[in-house]
Amino acid sequence: MKDDRQVLPPPSATDGGGDLIQAERDQLSRNEHIKEASGYLRGKLAEALLMPASGAVSEDDGQLVKFHGMYLQDDRDLRPERMRKKLDRAYAFMIRLRIPGGVLTSKQWLVLDEIARSYANGSLRATTRQTFQYHGIIKSNLKRTMKAIDGALLDTIAACGDVNRNVLSASNPYQSKAHAAAYDLAKAISDHLLPRTGAWREIWLDGEKVVGGEDETVEPIYGKTYLPRKFKVVVAVPPSNDVDIFAHDLGFIAILDEAGALAGWNVTVGGGMGMTHGEVDTFPRTADVMCFCEPGDALKVAEAVMTVQRDWGNRKSRKNARLKYTIERFGLDAFRAEVERRVGKAFAEPKPFRFENNGDRYGWTEGEDGRHHLTLFIQNGRVRDFEGGPQLLTGLRRIAEVHQGEFRLTANQNVLVANVPVEKRAEIEALVAEHGLTAHAGTLRRNSMACVALPTCGLALAESERYLPTLIDELEACLVGHGLAGDDITIRMTGCPNGCARPYIAEIGLVGKGPERYNLYLGAAFDGSRLGKLYAEDVHASAIVATLDPLLGAYKAERADGERFGDFLLRARHVASTTNGPDFHERTGSMLGAAAQAG
Amino acid sequence: MTTRLLPRHAPFENDALAALDQVLAVASRVQRTWLSDYLAAGINLPAQSTRDADVSVGEVVEYVNLNSSRSDHSTMHVAVAFSDGAPPYRPGSVLDLIGIDGESVPARVLPVASSRREVVDEVHALMPVGAGDAAIVERLRLGSQVTVRIREDAGFRLPAELETDVIMIGVEAGVAPYRALIQERRALGAGGRSWLFFGGRRFTHDFLYQLEWQAALADGSLTRMDVAFSYDQPERIGVEDHLLDRREELVEWIENGASLSICAAPKSANRAHFGLLKAIADTKACSLELAVDHVADLASQGRFSQRHP
């Protein structure tokens with residue numbers, strides 16, 4: 001597909017970073033001006049914290065707080081009554097942590113748990129990017145929360161915003177030496193690409209104010225306008241694609257030699273999920289496998305990919321600002337050439353690799369060193385005590401109190417109790433049982449993810465986290481009817497097209513369109529390497545099961561040996577395949593339906 | 001009475017409640033008795049006779065619980081309209097609710113929350129809903145014809161002088177008279193500054209008249225606001241803590257001629273009053289007893305008053 005598309009000539013080396021002429025400045029998106037005027041992300045945040053009658057911050061500061069790891073939100077369930085009661089919107093902040101590779105000590109877990117109960121809504125929300133976020137933290141508690149987070153030697157810097165976000169790594173770094181190398185690389189990238197501004201400490205921890213400073217010293221890599229848009233990096237170890245490498249801007253795939261040692265990394269670029277309904281020049285895109293690099297070059301490659309995007313990325317339209325659009329505009333070859341120029345060497349072609357799935361392995365596993373690891377399924381990542389149900393928050397707190405190893409958050413919203421000595425297994429198993437941490441969940445549920453959506457997310461067009469469990473109840477009944485209850489099928493739901501739960505690379509993808517209405521995407525690959533295709537638009541929640549039921553029936557009856565649901569739907573021509581981003585919006589709908597109409 | 005109750009640099013200086021507890025714990029029996037007596041007396045300001053007011057009948061035109069549906073509190077905002085004009089009242093007045101739809105109810109005294117200069121034919125009042133209010137709450141609704149008597153509370157004086165600075169300390173429904181005062185001062189173009197300390201349980205669910213305070217701060221009719229919500233964080237924070245935190249400016253306002261008042265339920269009023277005393281004592285580096293004398297002086301000049309909503 002890419003061959004016949006026009007690409008633009010690459011920008012000259014002097015573009016970007018330098019001074020812009022006025023006409024160009026006028027075209028920049030509003031956020032670019034906010035960043036530039038913010039004094040390295042300070043804005044008027046300190047003043048806003050001193051205004052006690054409002055739970056909000058200004059619109060401009062609302063953009064800046066993202067760089068500090070938070071979003072201003074409000075409880076949308078309460079909106080209808082607030083005006084009548086002479087109350088402002090129920091504003092509160094979502095605070096997202098930066099936890100490279102999702103690694104937490106037990107001690108850190110206990111602090112995060114206490115924050116959840118003291119300042120947030122009584123829950124920790126594991127995200128799809130190996131971190132936790134809090135919801136419901138009011139403005140007057142922001143500093144207390146940040147100080148507590150800092151006390152646990154954690155922070156929230158760059159957890160959101162136009163910067164390198166939390167860096168993901170294959171979930172269990174103790175499983176093999178390659179996993180350990182993956183974590184080390186993720187941590188090194190996270191450290192290297194971390195914004196250097198002192199704004200976070202200054203505003204939230206009452207740190208000393210550092211005034212002045214030139215771009216080169218304050219933000220040597222970013223400069224004062226940071227990146228055009230968010231930038232997401234992951235590190236994967238085949239055959240597991242648990243970090244969903246094709247959904248991220250930059251990825252590293254571990255390549256091992258015959259002896260099982262790390263030979264280097266395949267570098268992937270240009271993946272991303274977000275799009276806008278009704279705008280076909282926005283689309284999800286799976287990453288290209290660009291090249292192979294040696295272990296010692298990986299950090300330089302990461303910096304070069306990010307700085308090329310910093311300089312070439314679109315700063316006029318935020319909807320077309322992610323790296324995936326930069327690569328579409330200039331072509332992979334030109335992009336790669338510039339990365340090689342900046343690193344100062346040419347790279348080899350990618351090495352062969354194979355992924356099998358993008359999910360987690362539940363239950364106990366044993367690492368090369370004989371230690372044990374337990375992966376717990378957390379429905380939609382919501383760690384809290386459910387009335388009459390599993391006591392996730394309490395149970396995991398009890399484990400943290402006795403567990404000497406670590407916790408790992410997975411990119412599938414799950415929690416891994418890592419590095420358990422064999423003699424401790426029984427004690428942890430008892431706590432797991434006592435608190436219902438492995439309450440029965442069917443196969444479909446274990447392969448499901450949902451974003452938060454309503455009531456806190458300002459972008460949500462429809463329910464997601466609060467609805468998907470119910471939908472899965474109904475779908476499971478349908479699967480049992482077809483004799484498919486034991487088959488792994490991935491299903492993901494988001495409340496809007498921005499794609500936080502990566503729905504476009506799930507075999508069943510549901511994306512909110514409006515209240516109780518979803519677009520249904522089908523045909524994605526089980527290992528997360530291929531996008532789905534819009535199969536049915538504006539499906540009412542009550543019609544989702546009926547839409548899927550005949551397809552599941554056909555899958556059971558007609559599938560080849562070992563054939564996955566997504567692959568089957570393409571082969572049996574129920575839905576057209578998406579080769580990559582730009583043809584995502586073409587040949588949509590049910591192919592059988594279209595053929596019947598044509599006939 | 002010159003016993004020094006508090007060291008000048010008390011280690012607990014930013015926590016009024018802890019300070020009170022600590023004072024009581026280390027105080028001699030005589031001192032304890034004195035402080036308790038003082039606070040008890042302070043909250044029971046001598047009742048003064050008020051002139052009899054006429055009974056009026058009006059229609060309930062707004063009846064809404066100002067606390068969020070997630071709050072465990074209910075504070076009803078009751079707006080009553082009178083077809084031939086609202087009876088006279090002023091900031092600080094109270095409303096006796098004595099009948100609903102022609103039937104008499106056990107009289108309920110509500111703080112008035114509006115100024116006639118802003119709401120013209122109406123009077124607004126706040127009704128915190130307590131255990132004994134079921135009968136009234138069930139019967140009162142939009143459109144109810146209510147029999148009320150609106151009268152002044154001679155024991156609670158809010159300044160009528162427009163150039164006077166006002167410091168208003170209100171907890172929960174105790175904020176009602178300050179809404180009236182701010183409406184009045186806005187309507188009359190008051191030149192004096194105003195500073196509101198508001199206390200409640202939770203910011204999100206119990207911030208009575210939040211949108212109106214925001215508007216008042218924006219248009220300048222309210223100069224400053226500090227809020228304390230006791231259930232929002234593990235440690236209890238009340239208006240007394242903010243009085244202490246802001247003590248330097250607070251005393252500066254007082255010495256500049258500001259008028260003060262406290263309107264809160266007994267326990268909260270005690271804490272606020274103690275916070276005020278401690279703020280004065282700390283700032284002026286004097287004993288609590290001298291701070292008491294100072295507040296008494298203000299009261300005798302008509303610059304301090306206190307009541308329960």
# chains A, B, ... in the order shown; residues from 1 in each chain; ligands from 1
$ closest_atom_pairs --of "chain B" --to "chain A" --cutoff "6 Å" --atoms "only C-alpha atoms" --output "Markdown table"
| residue | atom | partner | partner_atom | distance |
| --- | --- | --- | --- | --- |
| B:Leu66 | CA | A:Lys85 | CA | 4.7 |
| B:Thr204 | CA | A:Ala90 | CA | 5.7 |
| B:Tyr209 | CA | A:Lys86 | CA | 5.3 |
| B:Gln210 | CA | A:Leu87 | CA | 5.1 |
| B:Leu211 | CA | A:Leu87 | CA | 5.4 |
$ residues_around --residues "Ala37 in chain A" --least-positions-apart "5" --cutoff "12 Å" --atoms "only C-alpha atoms" --output "mmCIF file with N, CA, C and O atoms, in the first residue's frame"
data_model
loop_
_atom_site.group_PDB
_atom_site.id
_atom_site.type_symbol
_atom_site.label_atom_id
_atom_site.label_comp_id
_atom_site.auth_asym_id
_atom_site.auth_seq_id
_atom_site.Cartn_x
_atom_site.Cartn_y
_atom_site.Cartn_z
ATOM 1 N N ARG A 30 -2.559 25.560 19.551
ATOM 2 C CA ARG A 30 -2.675 26.308 20.800
ATOM 3 C C ARG A 30 -1.731 25.738 21.871
ATOM 4 O O ARG A 30 -1.096 26.480 22.623
ATOM 5 N N ASN A 31 -1.630 24.410 21.924
ATOM 6 C CA ASN A 31 -0.783 23.799 22.952
ATOM 7 C C ASN A 31 0.680 24.190 22.810
ATOM 8 O O ASN A 31 1.406 24.252 23.798
ATOM 9 N N GLU A 32 1.125 24.442 21.572
ATOM 10 C CA GLU A 32 2.515 24.838 21.382
ATOM 11 C C GLU A 32 2.780 26.175 22.065
ATOM 12 O O GLU A 32 3.819 26.376 22.680
ATOM 13 N N ARG A 42 5.659 25.393 34.220
ATOM 14 C CA ARG A 42 5.181 25.973 35.480
ATOM 15 C C ARG A 42 3.805 26.610 35.313
ATOM 16 O O ARG A 42 2.920 26.396 36.132
ATOM 17 N N GLY A 43 3.649 27.396 34.268
ATOM 18 C CA GLY A 43 2.369 28.083 34.073
ATOM 19 C C GLY A 43 1.971 28.848 35.313
ATOM 20 O O GLY A 43 2.818 29.426 35.997
ATOM 21 N N LYS A 44 0.678 28.845 35.614
ATOM 22 C CA LYS A 44 0.210 29.498 36.838
ATOM 23 C C LYS A 44 -0.279 28.466 37.840
ATOM 24 O O LYS A 44 -1.228 28.692 38.607
ATOM 25 N N ASP A 60 -5.545 26.547 30.255
ATOM 26 C CA ASP A 60 -4.139 26.422 29.861
ATOM 27 C C ASP A 60 -3.374 25.552 30.855
ATOM 28 O O ASP A 60 -2.599 24.679 30.475
ATOM 29 N N ASP A 61 -3.583 25.820 32.133
ATOM 30 C CA ASP A 61 -2.893 25.014 33.143
ATOM 31 C C ASP A 61 -3.370 23.559 33.079
ATOM 32 O O ASP A 61 -2.618 22.641 33.412
ATOM 33 N N LEU A 64 -1.070 21.913 30.964
ATOM 34 C CA LEU A 64 0.257 21.741 31.571
ATOM 35 C C LEU A 64 0.299 20.647 32.630
ATOM 36 O O LEU A 64 1.304 19.959 32.779
ATOM 37 N N LYS A 224 12.089 23.970 24.984
ATOM 38 C CA LYS A 224 10.977 24.469 25.793
ATOM 39 C C LYS A 224 9.591 24.100 25.282
ATOM 40 O O LYS A 224 8.604 24.338 25.973
ATOM 41 N N THR A 225 9.519 23.552 24.077
ATOM 42 C CA THR A 225 8.182 23.147 23.610
ATOM 43 C C THR A 225 8.017 21.623 23.592
ATOM 44 O O THR A 225 7.034 21.107 23.066
#
$ atom_distance --atom1 "CA of Leu431 in chain A" --atom2 "CA of Gly395 in chain A"
6.4 Å
$ residues_around --residues "range 173-180 of chain A" --least-positions-apart "5" --cutoff "8 Å" --atoms "only C-alpha atoms" --output "ChimeraX atom specification"
/A:237,254,256,260-262,366-369,418-419
$ select_by_dssp --residues "range 248-288 of chain B" --states "strand (DSSP E)" --output "MDAnalysis selection string"
chainID B and resid 259:263
$ atom_distance --atom1 "CA of Met225 in chain B" --atom2 "CA of Ser287 in chain B"
28.0 Å
$ residues_around --residues "Phe67 in chain A" --least-positions-apart "5" --cutoff "8 Å" --atoms "only C-alpha atoms" --output "number ranges by chain"
A: 41, 157-163
$ residues_around --residues "range 162-173 of chain B" --least-positions-apart "5" --cutoff "6 Å" --atoms "only C-alpha atoms" --output "list of chain:residue names"
B:Ala190, B:Gly191, B:Gly192, B:Arg193, B:Ser194, B:Trp195, B:Leu196, B:Phe197, B:Phe198, B:Gly199, B:Gly200, B:Ala258, B:Ser259, B:Leu260, B:Ser261, B:Ile262, B:Cys263, B:Ala264
$ residues_around --residues "His294 in chain B" --least-positions-apart "3" --cutoff "12 Å" --atoms "only C-alpha atoms" --output "PyMOL selection string"
chain B and resi 251+254-255+276-281+284+286-291+297-301+303-304
$ residues_around --residues "Pro11 in chain A" --least-positions-apart "5" --cutoff "10 Å" --atoms "only C-alpha atoms" --output "count of residues only"
6
